[in-house]
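Below: upload-v4.csv (CSV, C-alpha atoms and all ligand atoms)
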```
chain,number,residue,atom,x,y,z
L,1,MET,CA,-5.6,-15.5,165.8
L,2,ASP,CA,-5.0,-18.3,163.3
L,3,GLN,CA,-1.9,-18.6,161.3
L,4,GLN,CA,-3.5,-17.3,158.1
L,5,GLY,CA,-4.9,-14.2,159.8
L,6,GLU,CA,-1.6,-13.4,161.4
L,7,LYS,CA,0.3,-13.9,158.2
L,8,GLN,CA,-1.9,-11.4,156.3
L,9,LYS,CA,-1.1,-8.7,158.9
L,10,MET,CA,2.3,-8.0,157.3
L,11,THR,CA,1.9,-6.1,154.1
L,12,PHE,CA,4.5,-5.6,151.4
L,13,ASP,CA,4.9,-1.9,152.5
L,14,GLU,CA,5.6,-2.9,156.1
L,15,ILE,CA,8.2,-5.4,155.2
L,16,PHE,CA,9.8,-2.9,152.8
L,17,TYR,CA,9.7,-0.2,155.5
L,18,TRP,CA,11.5,-2.5,158.0
L,19,LEU,CA,14.1,-3.6,155.5
L,20,ARG,CA,15.1,0.0,154.8
L,21,GLU,CA,15.0,1.1,158.5
L,22,ASN,CA,18.4,1.7,160.0
L,23,ASP,CA,17.7,3.6,163.2
L,24,SER,CA,18.8,1.2,165.9
L,25,LYS,CA,16.2,2.5,168.4
L,26,LYS,CA,13.4,1.8,165.9
L,27,LEU,CA,14.8,-1.5,165.0
L,28,GLU,CA,14.5,-2.5,168.7
L,29,VAL,CA,10.8,-2.5,168.1
L,30,LEU,CA,11.2,-5.1,165.3
L,31,TRP,CA,13.5,-7.3,167.3
L,32,GLN,CA,11.1,-7.3,170.3
L,33,LYS,CA,8.0,-8.0,168.2
L,34,ALA,CA,9.8,-10.9,166.5
L,35,ASP,CA,11.0,-12.3,169.8
L,36,ALA,CA,7.5,-12.0,171.4
L,37,VAL,CA,5.9,-13.9,168.4
L,38,ARG,CA,8.7,-16.5,168.6
L,39,GLN,CA,8.0,-17.1,172.3
L,40,ASP,CA,4.3,-17.2,171.8
L,41,ARG,CA,4.2,-19.5,168.8
L,42,VAL,CA,7.2,-21.8,169.2
L,43,GLY,CA,8.2,-21.3,172.8
L,44,ASP,CA,11.6,-21.2,174.4
L,45,ALA,CA,13.1,-24.4,173.1
L,46,VAL,CA,16.0,-24.0,170.7
L,47,TYR,CA,16.3,-27.1,168.5
L,48,LEU,CA,19.7,-28.3,167.4
L,49,ARG,CA,20.0,-29.9,163.9
L,50,GLY,CA,23.3,-31.8,163.2
L,51,LEU,CA,24.5,-30.7,159.8
L,52,ILE,CA,26.3,-33.3,157.7
L,53,GLU,CA,27.9,-32.0,154.5
L,54,THR,CA,27.9,-35.3,152.7
L,55,SER,CA,29.5,-34.3,149.3
L,56,ASN,CA,30.9,-31.1,147.8
L,57,ILE,CA,30.7,-32.5,144.3
L,58,CYS,CA,28.4,-30.3,142.3
L,59,ARG,CA,27.2,-30.3,138.7
L,60,ARG,CA,25.8,-26.8,138.8
L,61,ASN,CA,27.7,-23.5,138.2
L,62,CYS,CA,25.8,-21.0,140.4
L,63,LEU,CA,27.6,-17.7,140.1
L,64,TYR,CA,27.9,-17.2,143.8
L,65,CYS,CA,28.7,-20.6,145.3
L,66,GLY,CA,32.2,-21.7,146.2
L,67,ILE,CA,31.6,-25.4,145.4
L,68,ARG,CA,30.3,-24.6,141.9
L,69,ALA,CA,31.5,-27.1,139.3
L,70,GLY,CA,33.8,-24.5,137.6
L,71,ASN,CA,35.8,-23.9,140.7
L,72,GLN,CA,39.0,-26.1,140.4
L,73,GLN,CA,40.3,-25.2,143.8
L,74,PRO,CA,38.5,-27.3,146.4
L,75,GLU,CA,39.4,-30.9,146.6
L,76,ARG,CA,36.2,-32.9,146.0
L,77,TYR,CA,34.9,-35.5,148.4
L,78,ARG,CA,31.9,-37.7,149.1
L,79,LEU,CA,31.3,-39.4,152.4
L,80,SER,CA,31.2,-43.2,152.2
L,81,PHE,CA,28.2,-45.0,153.4
L,82,ALA,CA,30.1,-46.0,156.6
L,83,GLU,CA,31.2,-42.4,157.3
L,84,LEU,CA,27.7,-41.0,156.9
L,85,LEU,CA,26.2,-43.7,159.2
L,86,ASP,CA,29.0,-43.1,161.8
L,87,THR,CA,28.3,-39.3,161.7
L,88,ALA,CA,24.6,-40.0,162.2
L,89,ARG,CA,25.5,-42.2,165.2
L,90,LEU,CA,27.6,-39.4,166.6
L,91,ALA,CA,24.6,-37.1,166.3
L,92,LYS,CA,22.5,-39.6,168.2
L,93,LYS,CA,25.2,-39.9,170.9
L,94,LEU,CA,25.3,-36.1,171.3
L,95,ASN,CA,21.5,-36.2,171.8
L,96,TYR,CA,20.5,-34.5,168.5
L,97,GLY,CA,16.9,-35.2,167.4
L,98,THR,CA,17.5,-34.4,163.8
L,99,ILE,CA,20.2,-34.5,161.2
L,100,VAL,CA,20.4,-32.5,158.0
L,101,ILE,CA,22.1,-34.3,155.1
L,102,GLN,CA,23.3,-31.6,152.7
L,103,SER,CA,25.4,-31.8,149.5
L,104,GLY,CA,26.1,-30.1,146.2
L,105,GLU,CA,24.1,-31.4,143.3
L,106,ASP,CA,26.1,-34.6,143.1
L,107,TRP,CA,24.6,-36.9,140.4
L,108,GLY,CA,27.2,-39.5,141.2
L,109,ILE,CA,25.3,-40.5,144.3
L,110,ASP,CA,22.7,-42.9,143.2
L,111,ALA,CA,19.2,-42.2,144.5
L,112,GLU,CA,18.9,-45.8,145.6
L,113,ASP,CA,22.2,-45.5,147.6
L,114,ILE,CA,20.7,-42.5,149.4
L,115,ALA,CA,17.6,-44.4,150.1
L,116,ASN,CA,19.7,-47.3,151.6
L,117,VAL,CA,21.6,-45.0,153.8
L,118,ILE,CA,18.4,-43.3,155.0
L,119,ARG,CA,17.0,-46.7,155.9
L,120,GLN,CA,20.1,-47.7,157.8
L,121,ILE,CA,20.2,-44.4,159.7
L,122,LYS,CA,16.6,-44.8,160.7
L,123,LYS,CA,17.1,-48.3,161.8
L,124,ASN,CA,20.2,-47.5,163.8
L,125,THR,CA,19.3,-44.1,165.3
L,126,GLU,CA,15.6,-43.3,164.7
L,127,LEU,CA,16.7,-39.7,164.0
L,128,THR,CA,14.5,-37.4,162.0
L,129,ILE,CA,16.1,-36.9,158.6
L,130,THR,CA,16.2,-33.6,156.7
L,131,LEU,CA,17.6,-33.8,153.2
L,132,SER,CA,19.1,-30.8,151.3
L,133,LEU,CA,20.4,-32.4,148.1
L,134,GLY,CA,19.2,-29.9,145.5
L,135,GLU,CA,16.9,-30.3,142.5
L,136,ARG,CA,16.0,-33.9,141.8
L,137,SER,CA,13.2,-35.9,140.1
L,138,GLU,CA,9.8,-36.6,141.7
L,139,ALA,CA,10.7,-40.3,141.7
L,140,ASP,CA,13.8,-39.6,143.8
L,141,TYR,CA,12.0,-37.4,146.2
L,142,ARG,CA,9.3,-40.1,146.6
L,143,LEU,CA,11.9,-42.9,147.0
L,144,TRP,CA,13.7,-41.0,149.8
L,145,LEU,CA,10.4,-40.2,151.6
L,146,GLU,CA,9.4,-43.8,151.5
L,147,ALA,CA,12.8,-44.8,152.8
L,148,GLY,CA,12.2,-42.6,155.9
L,149,ALA,CA,13.3,-39.1,155.1
L,150,ASN,CA,11.0,-36.5,156.8
L,151,ARG,CA,12.0,-33.0,155.6
L,152,TYR,CA,13.5,-31.3,152.6
L,153,LEU,CA,15.3,-28.0,152.3
L,154,LEU,CA,15.6,-26.2,149.0
L,155,ARG,CA,16.1,-22.4,148.9
L,156,PHE,CA,14.5,-20.5,146.1
L,157,GLU,CA,17.3,-17.9,146.6
L,158,THR,CA,15.4,-15.0,145.1
L,159,SER,CA,11.8,-14.6,143.8
L,160,ASN,CA,13.1,-12.3,141.0
L,161,LEU,CA,13.1,-14.8,138.1
L,162,GLN,CA,15.4,-12.7,135.9
L,163,LEU,CA,18.0,-12.6,138.7
L,164,PHE,CA,17.5,-16.3,139.5
L,165,ASN,CA,18.1,-17.3,135.9
L,166,ALA,CA,21.1,-15.1,135.6
L,167,ILE,CA,22.9,-16.5,138.7
L,168,HIS,CA,21.9,-20.2,138.1
L,169,PRO,CA,23.1,-21.0,134.5
L,170,PRO,CA,20.8,-23.4,132.8
L,171,PHE,CA,21.4,-27.1,133.3
L,172,ASN,CA,20.5,-30.0,131.1
L,173,ARG,CA,18.1,-31.6,133.6
L,174,ASP,CA,15.0,-29.5,134.1
L,175,PHE,CA,12.7,-30.4,137.0
L,176,GLY,CA,10.7,-27.2,136.8
L,177,SER,CA,11.2,-24.1,138.9
L,178,ARG,CA,12.2,-24.3,142.5
L,179,LEU,CA,8.7,-23.0,143.5
L,180,GLU,CA,7.2,-25.9,141.6
L,181,ILE,CA,9.5,-28.3,143.3
L,182,LEU,CA,8.6,-26.9,146.7
L,183,GLN,CA,5.0,-27.4,145.9
L,184,LEU,CA,5.6,-31.0,144.9
L,185,LEU,CA,7.6,-31.7,148.0
L,186,ARG,CA,4.7,-30.4,150.1
L,187,GLU,CA,2.2,-32.5,148.2
L,188,ILE,CA,4.0,-35.7,148.6
L,189,GLY,CA,4.3,-35.3,152.3
L,190,TYR,CA,7.7,-33.6,153.2
L,191,GLU,CA,8.0,-31.0,155.9
L,192,VAL,CA,9.3,-28.2,153.6
L,193,GLY,CA,11.9,-25.5,154.1
L,194,SER,CA,13.2,-22.8,151.8
L,195,GLY,CA,14.7,-19.4,152.0
L,196,VAL,CA,16.8,-16.8,150.2
L,197,MET,CA,20.1,-15.0,150.2
L,198,ALA,CA,20.0,-11.3,151.1
L,199,GLY,CA,22.3,-9.0,149.2
L,200,ILE,CA,22.8,-10.8,145.9
L,201,PRO,CA,24.1,-8.3,143.3
L,202,GLY,CA,21.0,-7.3,141.3
L,203,GLN,CA,18.6,-7.9,144.2
L,204,SER,CA,16.5,-4.8,145.0
L,205,TRP,CA,14.9,-4.0,148.3
L,206,ALA,CA,11.5,-4.6,146.7
L,207,ASP,CA,12.7,-8.0,145.5
L,208,LEU,CA,13.7,-8.9,149.1
L,209,ALA,CA,10.4,-7.7,150.5
L,210,ARG,CA,8.6,-9.9,147.9
L,211,ASP,CA,10.8,-12.8,148.9
L,212,ILE,CA,9.7,-12.5,152.5
L,213,ARG,CA,6.1,-12.1,151.7
L,214,SER,CA,6.2,-15.2,149.5
L,215,PHE,CA,7.4,-17.2,152.6
L,216,ALA,CA,3.8,-16.8,153.8
L,217,GLU,CA,2.3,-17.6,150.5
L,218,LEU,CA,4.3,-20.8,150.2
L,219,ASP,CA,3.3,-21.6,153.8
L,220,LEU,CA,6.8,-22.8,154.7
L,221,ASP,CA,7.5,-25.0,157.6
L,222,MET,CA,11.2,-24.0,157.8
L,223,ILE,CA,12.8,-20.8,156.7
L,224,GLY,CA,16.6,-20.5,156.4
L,225,CYS,CA,18.1,-17.3,155.1
L,226,GLY,CA,21.5,-15.7,155.2
L,227,PRO,CA,23.5,-12.8,153.8
L,228,PHE,CA,25.2,-13.1,150.4
L,229,LEU,CA,29.0,-13.5,151.2
L,230,PRO,CA,31.3,-13.0,148.2
L,231,HIS,CA,33.5,-16.0,147.5
L,232,PRO,CA,36.7,-15.0,145.7
L,233,GLN,CA,36.7,-18.1,143.5
L,234,THR,CA,33.3,-17.4,142.0
L,235,PRO,CA,32.3,-14.9,139.2
L,236,LEU,CA,30.2,-12.8,141.6
L,237,GLY,CA,32.8,-12.9,144.3
L,238,GLN,CA,35.5,-11.8,141.9
L,239,LEU,CA,33.5,-8.9,140.6
L,240,PHE,CA,32.2,-7.5,143.8
L,241,GLU,CA,35.4,-6.7,145.6
L,242,ILE,CA,35.5,-7.6,149.2
L,243,ASP,CA,36.1,-5.1,152.0
L,244,SER,CA,38.9,-6.7,154.0
L,245,LYS,CA,37.6,-5.5,157.3
L,246,THR,CA,34.0,-6.6,157.0
L,247,GLY,CA,34.3,-9.4,154.5
L,248,LEU,CA,31.4,-7.9,152.6
L,249,SER,CA,31.2,-6.4,149.1
L,250,LYS,CA,31.6,-2.6,149.0
L,251,PRO,CA,28.4,-0.7,148.6
L,252,GLY,CA,28.1,2.1,146.1
L,253,PRO,CA,27.5,2.6,142.4
L,254,LEU,CA,28.5,-0.2,139.9
L,255,THR,CA,31.9,0.2,138.3
L,256,PRO,CA,32.0,0.0,134.5
L,257,LYS,CA,33.4,-3.5,134.8
L,258,GLN,CA,30.6,-4.6,137.1
L,259,LYS,CA,28.0,-3.0,134.8
L,260,GLN,CA,29.4,-4.8,131.8
L,261,PHE,CA,29.4,-8.2,133.6
L,262,CYS,CA,25.8,-7.6,134.7
L,263,GLU,CA,24.8,-6.8,131.2
L,264,GLN,CA,26.4,-9.9,129.8
L,265,CYS,CA,24.9,-12.2,132.4
L,266,LYS,CA,21.5,-10.4,132.4
L,267,ILE,CA,21.8,-9.5,136.1
L,268,PRO,CA,19.4,-6.5,136.7
L,269,ILE,CA,21.3,-3.3,136.9
L,270,LEU,CA,20.2,-1.2,139.9
L,271,ALA,CA,20.8,2.2,141.2
L,272,SER,CA,22.9,2.0,144.4
L,273,ASP,CA,20.0,2.9,146.7
L,274,GLU,CA,17.9,0.2,145.2
L,275,GLN,CA,20.5,-2.6,145.6
L,276,VAL,CA,20.2,-4.6,148.9
L,277,THR,CA,23.4,-4.0,150.8
L,278,VAL,CA,24.6,-6.4,153.5
L,279,ASP,CA,25.3,-4.7,156.8
L,280,GLU,CA,25.2,-5.9,160.4
L,281,ASN,CA,21.5,-5.5,160.7
L,282,LEU,CA,20.3,-7.1,157.4
L,283,PRO,CA,20.5,-10.8,158.4
L,284,PHE,CA,18.5,-10.1,161.6
L,285,LYS,CA,15.9,-8.1,159.7
L,286,VAL,CA,15.3,-11.0,157.5
L,287,ILE,CA,15.0,-13.5,160.4
L,288,ALA,CA,12.7,-11.1,162.4
L,289,LEU,CA,10.4,-10.5,159.4
L,290,SER,CA,10.3,-14.2,158.5
L,291,ARG,CA,9.1,-14.8,162.0
L,292,LEU,CA,6.4,-12.2,161.7
L,293,VAL,CA,5.1,-13.5,158.3
L,294,CYS,CA,5.3,-17.2,159.4
L,295,PRO,CA,4.9,-17.2,163.2
L,296,SER,CA,4.9,-21.0,163.6
L,297,ALA,CA,7.7,-21.9,161.3
L,298,ASN,CA,11.1,-23.2,162.4
L,299,ILE,CA,13.7,-20.6,161.7
L,300,PRO,CA,17.4,-21.2,162.1
L,301,SER,CA,20.0,-18.6,163.1
L,302,THR,CA,22.2,-19.8,160.2
L,303,THR,CA,25.9,-20.3,159.8
L,304,ALA,CA,26.1,-17.4,157.3
L,305,VAL,CA,24.7,-15.1,160.0
L,306,ALA,CA,27.3,-16.4,162.5
L,307,THR,CA,30.0,-16.0,159.8
L,308,LEU,CA,29.2,-12.3,159.5
L,309,ASP,CA,29.5,-11.8,163.3
L,310,PRO,CA,31.3,-14.7,164.8
L,311,ASP,CA,31.0,-13.4,168.4
L,312,ARG,CA,27.4,-12.5,168.6
L,313,GLY,CA,25.7,-13.5,165.3
L,314,ARG,CA,24.1,-16.7,166.3
L,315,LEU,CA,22.9,-15.4,169.7
L,316,LEU,CA,21.4,-12.3,168.1
L,317,GLY,CA,19.6,-14.4,165.6
L,318,LEU,CA,18.0,-16.5,168.4
L,319,SER,CA,16.9,-13.3,170.2
L,320,ARG,CA,15.4,-11.8,167.1
L,321,GLY,CA,13.1,-14.5,165.9
L,322,ALA,CA,15.1,-17.7,165.3
L,323,ASN,CA,14.5,-21.0,167.2
L,324,VAL,CA,16.9,-23.4,165.6
L,325,ILE,CA,20.7,-23.7,165.2
L,326,MET,CA,22.5,-26.1,162.9
L,327,PRO,CA,25.9,-27.1,164.4
L,328,ASN,CA,28.2,-28.7,161.9
L,329,LEU,CA,29.0,-32.5,162.4
L,330,THR,CA,30.8,-33.0,159.1
L,331,PRO,CA,34.0,-35.1,159.7
L,332,MET,CA,36.8,-32.7,160.3
L,333,LYS,CA,39.0,-33.7,157.3
L,334,TYR,CA,36.3,-32.5,154.9
L,335,ARG,CA,35.3,-29.2,156.6
L,336,LYS,CA,37.6,-26.9,154.6
L,337,MET,CA,36.4,-28.4,151.3
L,338,TYR,CA,32.8,-27.4,151.8
L,339,GLU,CA,33.5,-23.8,151.4
L,340,ILE,CA,30.3,-22.3,149.9
L,341,TYR,CA,31.4,-18.9,151.1
L,342,PRO,CA,34.7,-17.9,152.8
L,343,ASN,CA,35.5,-18.1,156.5
L,344,LYS,CA,32.5,-20.2,157.4
L,345,ALA,CA,31.9,-20.0,161.1
L,346,ALA,CA,33.1,-22.7,163.4
L,347,SER,CA,34.8,-24.6,160.5
L,348,PHE,CA,37.4,-26.1,162.7
L,349,GLU,CA,35.5,-26.9,165.9
L,350,LEU,CA,35.1,-30.6,166.8
L,351,PRO,CA,31.5,-31.8,166.9
L,352,GLU,CA,31.7,-32.2,170.7
L,353,GLU,CA,33.0,-28.6,171.1
L,354,THR,CA,30.4,-27.2,168.7
L,355,HIS,CA,27.7,-29.0,170.6
L,356,ALA,CA,28.9,-27.8,174.0
L,357,GLU,CA,29.1,-24.2,172.8
L,358,ALA,CA,25.6,-24.4,171.3
L,359,VAL,CA,24.2,-25.6,174.6
L,360,ARG,CA,26.1,-23.0,176.5
L,361,GLN,CA,24.8,-20.2,174.3
L,362,ILE,CA,21.2,-21.4,174.6
L,363,THR,CA,21.5,-21.5,178.4
L,364,GLU,CA,23.0,-18.1,178.4
L,365,LEU,CA,19.9,-16.8,176.7
L,366,GLY,CA,17.7,-18.3,179.3
L,367,ARG,CA,16.3,-20.7,176.7
L,368,ILE,CA,16.2,-24.5,176.7
L,369,VAL,CA,17.6,-27.1,174.4
L,370,GLY,CA,14.8,-28.6,172.4
L,371,GLN,CA,14.4,-32.4,172.7
L,372,GLY,CA,13.3,-34.8,170.0
L,373,ALA,CA,12.3,-34.1,166.4
L,374,GLY,CA,11.1,-30.5,166.9
L,375,THR,CA,8.6,-30.7,164.1
L,376,SER,CA,7.4,-27.2,163.2
L,377,PRO,CA,4.0,-26.4,164.7
L,378,GLN,CA,3.1,-25.1,161.2
L,379,PHE,CA,3.5,-28.6,159.7
L,380,VAL,CA,1.7,-30.3,162.6
L,381,ASN,CA,-1.3,-27.8,162.2
L,382,ARG,CA,-1.5,-28.4,158.5
L,383,ARG,CA,-1.3,-32.2,159.0
L,384,SER,CA,-4.1,-32.2,161.5
L,385,LYS,CA,-6.3,-30.2,159.2
L,386,THR,CA,-5.8,-32.5,156.3
L,387,SER,CA,-6.1,-35.8,158.1
L,401,LIG,N1,27.0,-16.5,150.3
L,401,LIG,C1,26.0,-16.8,151.1
L,401,LIG,N2,25.3,-18.0,151.0
L,401,LIG,C2,25.6,-18.8,150.0
L,401,LIG,N3,25.1,-20.0,149.7
L,401,LIG,C3,25.8,-20.5,148.7
L,401,LIG,N4,26.8,-19.7,148.3
L,401,LIG,C4,26.7,-18.6,149.2
L,401,LIG,C5,27.4,-17.4,149.3
L,401,LIG,N5,28.5,-17.1,148.5
L,401,LIG,C6,23.8,-20.5,150.2
L,401,LIG,C7,22.7,-20.7,149.2
L,401,LIG,C8,22.5,-22.2,149.3
L,401,LIG,C9,22.9,-22.6,150.7
L,401,LIG,C10,23.2,-24.0,150.9
L,401,LIG,O1,24.1,-21.8,150.8
L,401,LIG,O2,21.6,-20.0,149.6
L,401,LIG,O3,21.1,-22.6,149.1
```
Give the structure from the file, written as structure tokens.
Amino acid sequence: MDQQGEKQKMTFDEIFYWLRENDSKKLEVLWQKADAVRQDRVGDAVYLRGLIETSNICRRNCLYCGIRAGNQQPERYRLSFAELLDTARLAKKLNYGTIVIQSGEDWGIDAEDIANVIRQIKKNTELTITLSLGERSEADYRLWLEAGANRYLLRFETSNLQLFNAIHPPFNRDFGSRLEILQLLREIGYEVGSGVMAGIPGQSWADLARDIRSFAELDLDMIGCGPFLPHPQTPLGQLFEIDSKTGLSKPGPLTPKQKQFCEQCKIPILASDEQVTVDENLPFKVIALSRLVCPSANIPSTTAVATLDPDRGRLLGLSRGANVIMPNLTPMKYRKMYEIYPNKAASFELPEETHAEAVRQITELGRIVGQGAGTSPQFVNRRSKTS
């Protein structure tokens, strides 16, 4: 069965059904299906991507994100050229094939400086480079690709435009919608990744089913998703009170205060059974369904999933459809400052420890550590068709 045929097998109704299923016996079927497709399409290798959080400076004011411009609390940092290059060298030393350079939307980093650092990293390490630097101009994306970048990650967060606009206040530079940007990145030659948060206030189960279906329509090479985790220094985190035991927002009908806020910000107001609620199964449902709609994509068991369940989250993600993990290589002194959501998993582990633990977990699962770039078969197939 080709990729296209397989993708069309999952209908909106099926996705919706699985999202709403909570019987753990029945969910076993979903986990097993996703694991079988994972093994068949991308094999037993688990690829490690070294994550470098290069700057927490951000011009945007997204209502959910801990490094939003309006949050005065985190001390702001930006890695120097030498720190970034040294971290890339460390990745090489630890035998990573790929690094992911991520930051807030930091307009203080000149596009040409980023291009220079990409060239130096390529020259010194030959690592595959993934960028995740937010919305930028076509000229910048082209410049970085020519300098040697290979992949770009930009989550569209939700396909519900009303909700997207409500939680991403307008900004004076407009590069078009994220879906348009993803299309552009694809056209100019990047391997492209995207994804959503699951459980954003105002996100309905039908929205999330549409999000997942759109992964197939967008023909993504990489799909990274995670649960929405309320951050107390953000408008959404303050409003949606956190259950101290689970770290999640409490389910149930909106309080008058929440309702008023949603009305003001134009966040859709939903009945409590329509609202996506984050529970222990939700992140895995999203991973498993992503695998079923995009069988040959690279799919990480993300840090947000591990944050929700520090003991087993990452492993469960890998056995329910994921084939990638992204250990954090950011220099230790900056870790605490890149708090997009609270209690980020493994924030204080040294890169060597994080790496050893990742290898241990992969071995425990009977899987193997992927070697080299680990380009998604999806991208390779598309390339071979167009060339
Ligand atoms: N909870 C969960 N995920 C978040 N992100 C940002 N803030 C939060 C939060 N509070 C995610 C967004 C972004 C990615 C880098 O981190 O999806 O694209």
- Query: How many Å separate atom CA of L:Gly226 from atom CA of L:Val305?
  - Reply: 5.8 Å
- Task: Check every protein, DNA and RNA residue against ligand LIG 401 (chain L), keep those with an atom at most 9 Å away (counting all atoms listed in the file), and present them as a PyMOL selection string.
- Result: chain L and resi 62-68+102-104+132+134+153-157+194-200+224-232+234+236-237+304+339-342
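With all atoms listed in the file as the atoms that count, the residue of L:Ala271, L:Val276, L:Ile99, L:Ile362 with the shortest distance to L:Leu316 is L:Ile362.
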- Task: Starting from the point (19.7, -30.6, 131.4), work out which residues of protein, DNA or RNA have an atom no more than 12 Å away when counting only C-alpha atoms; state them as number ranges by chain.
- Result: L: 59-60, 135-136, 169-176
- Message: Which residues are close to stretch 363-378 of chain L, i.e. within 6 Å by only C-alpha atoms, leaving aside same-chain residues fewer than 3 positions away? Reply as a VMD selection string.
- Response: chain L and resid 44 to 47 97 to 98 128 221 296 to 298 360 381
Pull C-alpha atoms from the residues just selected and write them as a PDB file, keeping the file's coordinate frame.
```pdb
ATOM      1  CA  ASP L  44      11.600 -21.200 174.400  1.00  0.00           C
ATOM      2  CA  ALA L  45      13.100 -24.400 173.100  1.00  0.00           C
ATOM      3  CA  VAL L  46      16.000 -24.000 170.700  1.00  0.00           C
ATOM      4  CA  TYR L  47      16.300 -27.100 168.500  1.00  0.00           C
ATOM      5  CA  GLY L  97      16.900 -35.200 167.400  1.00  0.00           C
ATOM      6  CA  THR L  98      17.500 -34.400 163.800  1.00  0.00           C
ATOM      7  CA  THR L 128      14.500 -37.400 162.000  1.00  0.00           C
ATOM      8  CA  ASP L 221       7.500 -25.000 157.600  1.00  0.00           C
ATOM      9  CA  SER L 296       4.900 -21.000 163.600  1.00  0.00           C
ATOM     10  CA  ALA L 297       7.700 -21.900 161.300  1.00  0.00           C
ATOM     11  CA  ASN L 298      11.100 -23.200 162.400  1.00  0.00           C
ATOM     12  CA  ARG L 360      26.100 -23.000 176.500  1.00  0.00           C
ATOM     13  CA  ASN L 381      -1.300 -27.800 162.200  1.00  0.00           C
TER      14      ASN L 381
END
```
- Item | Among the residues L:Leu85, L:Leu30, L:Ala346, L:Leu220, the one that comes closest to L:Arg151 [using all atoms listed in the file] |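 Between L:Leu85, L:Leu30, L:Ala346, L:Leu220, the residue approaching L:Arg151 most closely is L:Leu220.
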- Query: Contacts of L:Ala34 at 9 Å or less, counting all atoms listed in the file, minus same-chain residues fewer than 4 places along, as a list in words?
  - Reply: Val29, Leu30, Arg38, Gln39, Ile287, Ala288, Leu289, Ser290, Arg291, Leu292, Pro295, Ser319, Arg320, Gly321 and Ala322 of chain L
- Message: Ranking L:Arg20, L:Gln260, L:Glu75, L:Glu353 by minimum distance to L:Asp273 and counting all atoms listed in the file, which one comes first?
- Response: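 For L:Asp273, the nearest of the given residues is L:Arg20.
Interatomic distance, atom CA of L:Arg178 to atom CA of L:Asn160: 12.1 Å.
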- Message: Report, in Å to a single decimal, how far apart atom CA of L:Arg49 and atom CA of L:Ile167 are.
- Response: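 Distance reported for this atom pair: 28.7 Å.
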- Item | Given all atoms listed in the file as the counted atoms, nearest of L:Pro268, L:Pro283, L:Pro201, L:Gly148 to L:Lys250 |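 Closest residue, counting all atoms listed in the file: L:Pro201.
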Complete the atoms of stretch 247-258 of chain L to N, CA and C atoms and put them out as a PDB file, in the coordinates of the input.
```
ATOM      1  N   GLY L 247      34.559  -8.206 155.283  1.00  0.00           N
ATOM      2  CA  GLY L 247      34.300  -9.400 154.500  1.00  0.00           C
ATOM      3  C   GLY L 247      33.133  -9.279 153.563  1.00  0.00           C
ATOM      4  N   LEU L 248      32.623  -8.066 153.411  1.00  0.00           N
ATOM      5  CA  LEU L 248      31.400  -7.900 152.600  1.00  0.00           C
ATOM      6  C   LEU L 248      31.816  -7.132 151.297  1.00  0.00           C
ATOM      7  N   SER L 249      30.908  -7.181 150.318  1.00  0.00           N
ATOM      8  CA  SER L 249      31.200  -6.400 149.100  1.00  0.00           C
ATOM      9  C   SER L 249      30.951  -4.922 149.439  1.00  0.00           C
ATOM     10  N   LYS L 250      31.708  -4.072 148.742  1.00  0.00           N
ATOM     11  CA  LYS L 250      31.600  -2.600 149.000  1.00  0.00           C
ATOM     12  C   LYS L 250      30.357  -2.057 148.416  1.00  0.00           C
ATOM     13  N   PRO L 251      29.606  -1.291 149.190  1.00  0.00           N
ATOM     14  CA  PRO L 251      28.400  -0.700 148.600  1.00  0.00           C
ATOM     15  C   PRO L 251      28.788   0.475 147.691  1.00  0.00           C
ATOM     16  N   GLY L 252      27.845   0.933 146.920  1.00  0.00           N
ATOM     17  CA  GLY L 252      28.100   2.100 146.100  1.00  0.00           C
ATOM     18  C   GLY L 252      27.722   1.789 144.626  1.00  0.00           C
ATOM     19  N   PRO L 253      27.857   2.788 143.747  1.00  0.00           N
ATOM     20  CA  PRO L 253      27.500   2.600 142.400  1.00  0.00           C
ATOM     21  C   PRO L 253      28.308   1.532 141.659  1.00  0.00           C
ATOM     22  N   LEU L 254      27.741   0.877 140.663  1.00  0.00           N
ATOM     23  CA  LEU L 254      28.500  -0.200 139.900  1.00  0.00           C
ATOM     24  C   LEU L 254      29.638   0.457 139.161  1.00  0.00           C
ATOM     25  N   THR L 255      30.769  -0.220 139.174  1.00  0.00           N
ATOM     26  CA  THR L 255      31.900   0.200 138.300  1.00  0.00           C
ATOM     27  C   THR L 255      31.572  -0.197 136.896  1.00  0.00           C
ATOM     28  N   PRO L 256      32.259   0.403 135.905  1.00  0.00           N
ATOM     29  CA  PRO L 256      32.000   0.000 134.500  1.00  0.00           C
ATOM     30  C   PRO L 256      32.162  -1.496 134.301  1.00  0.00           C
ATOM     31  N   LYS L 257      33.144  -2.082 134.964  1.00  0.00           N
ATOM     32  CA  LYS L 257      33.400  -3.500 134.800  1.00  0.00           C
ATOM     33  C   LYS L 257      32.222  -4.350 135.343  1.00  0.00           C
ATOM     34  N   GLN L 258      31.734  -3.939 136.495  1.00  0.00           N
ATOM     35  CA  GLN L 258      30.600  -4.600 137.100  1.00  0.00           C
ATOM     36  C   GLN L 258      29.365  -4.517 136.209  1.00  0.00           C
TER      37      GLN L 258
END
```
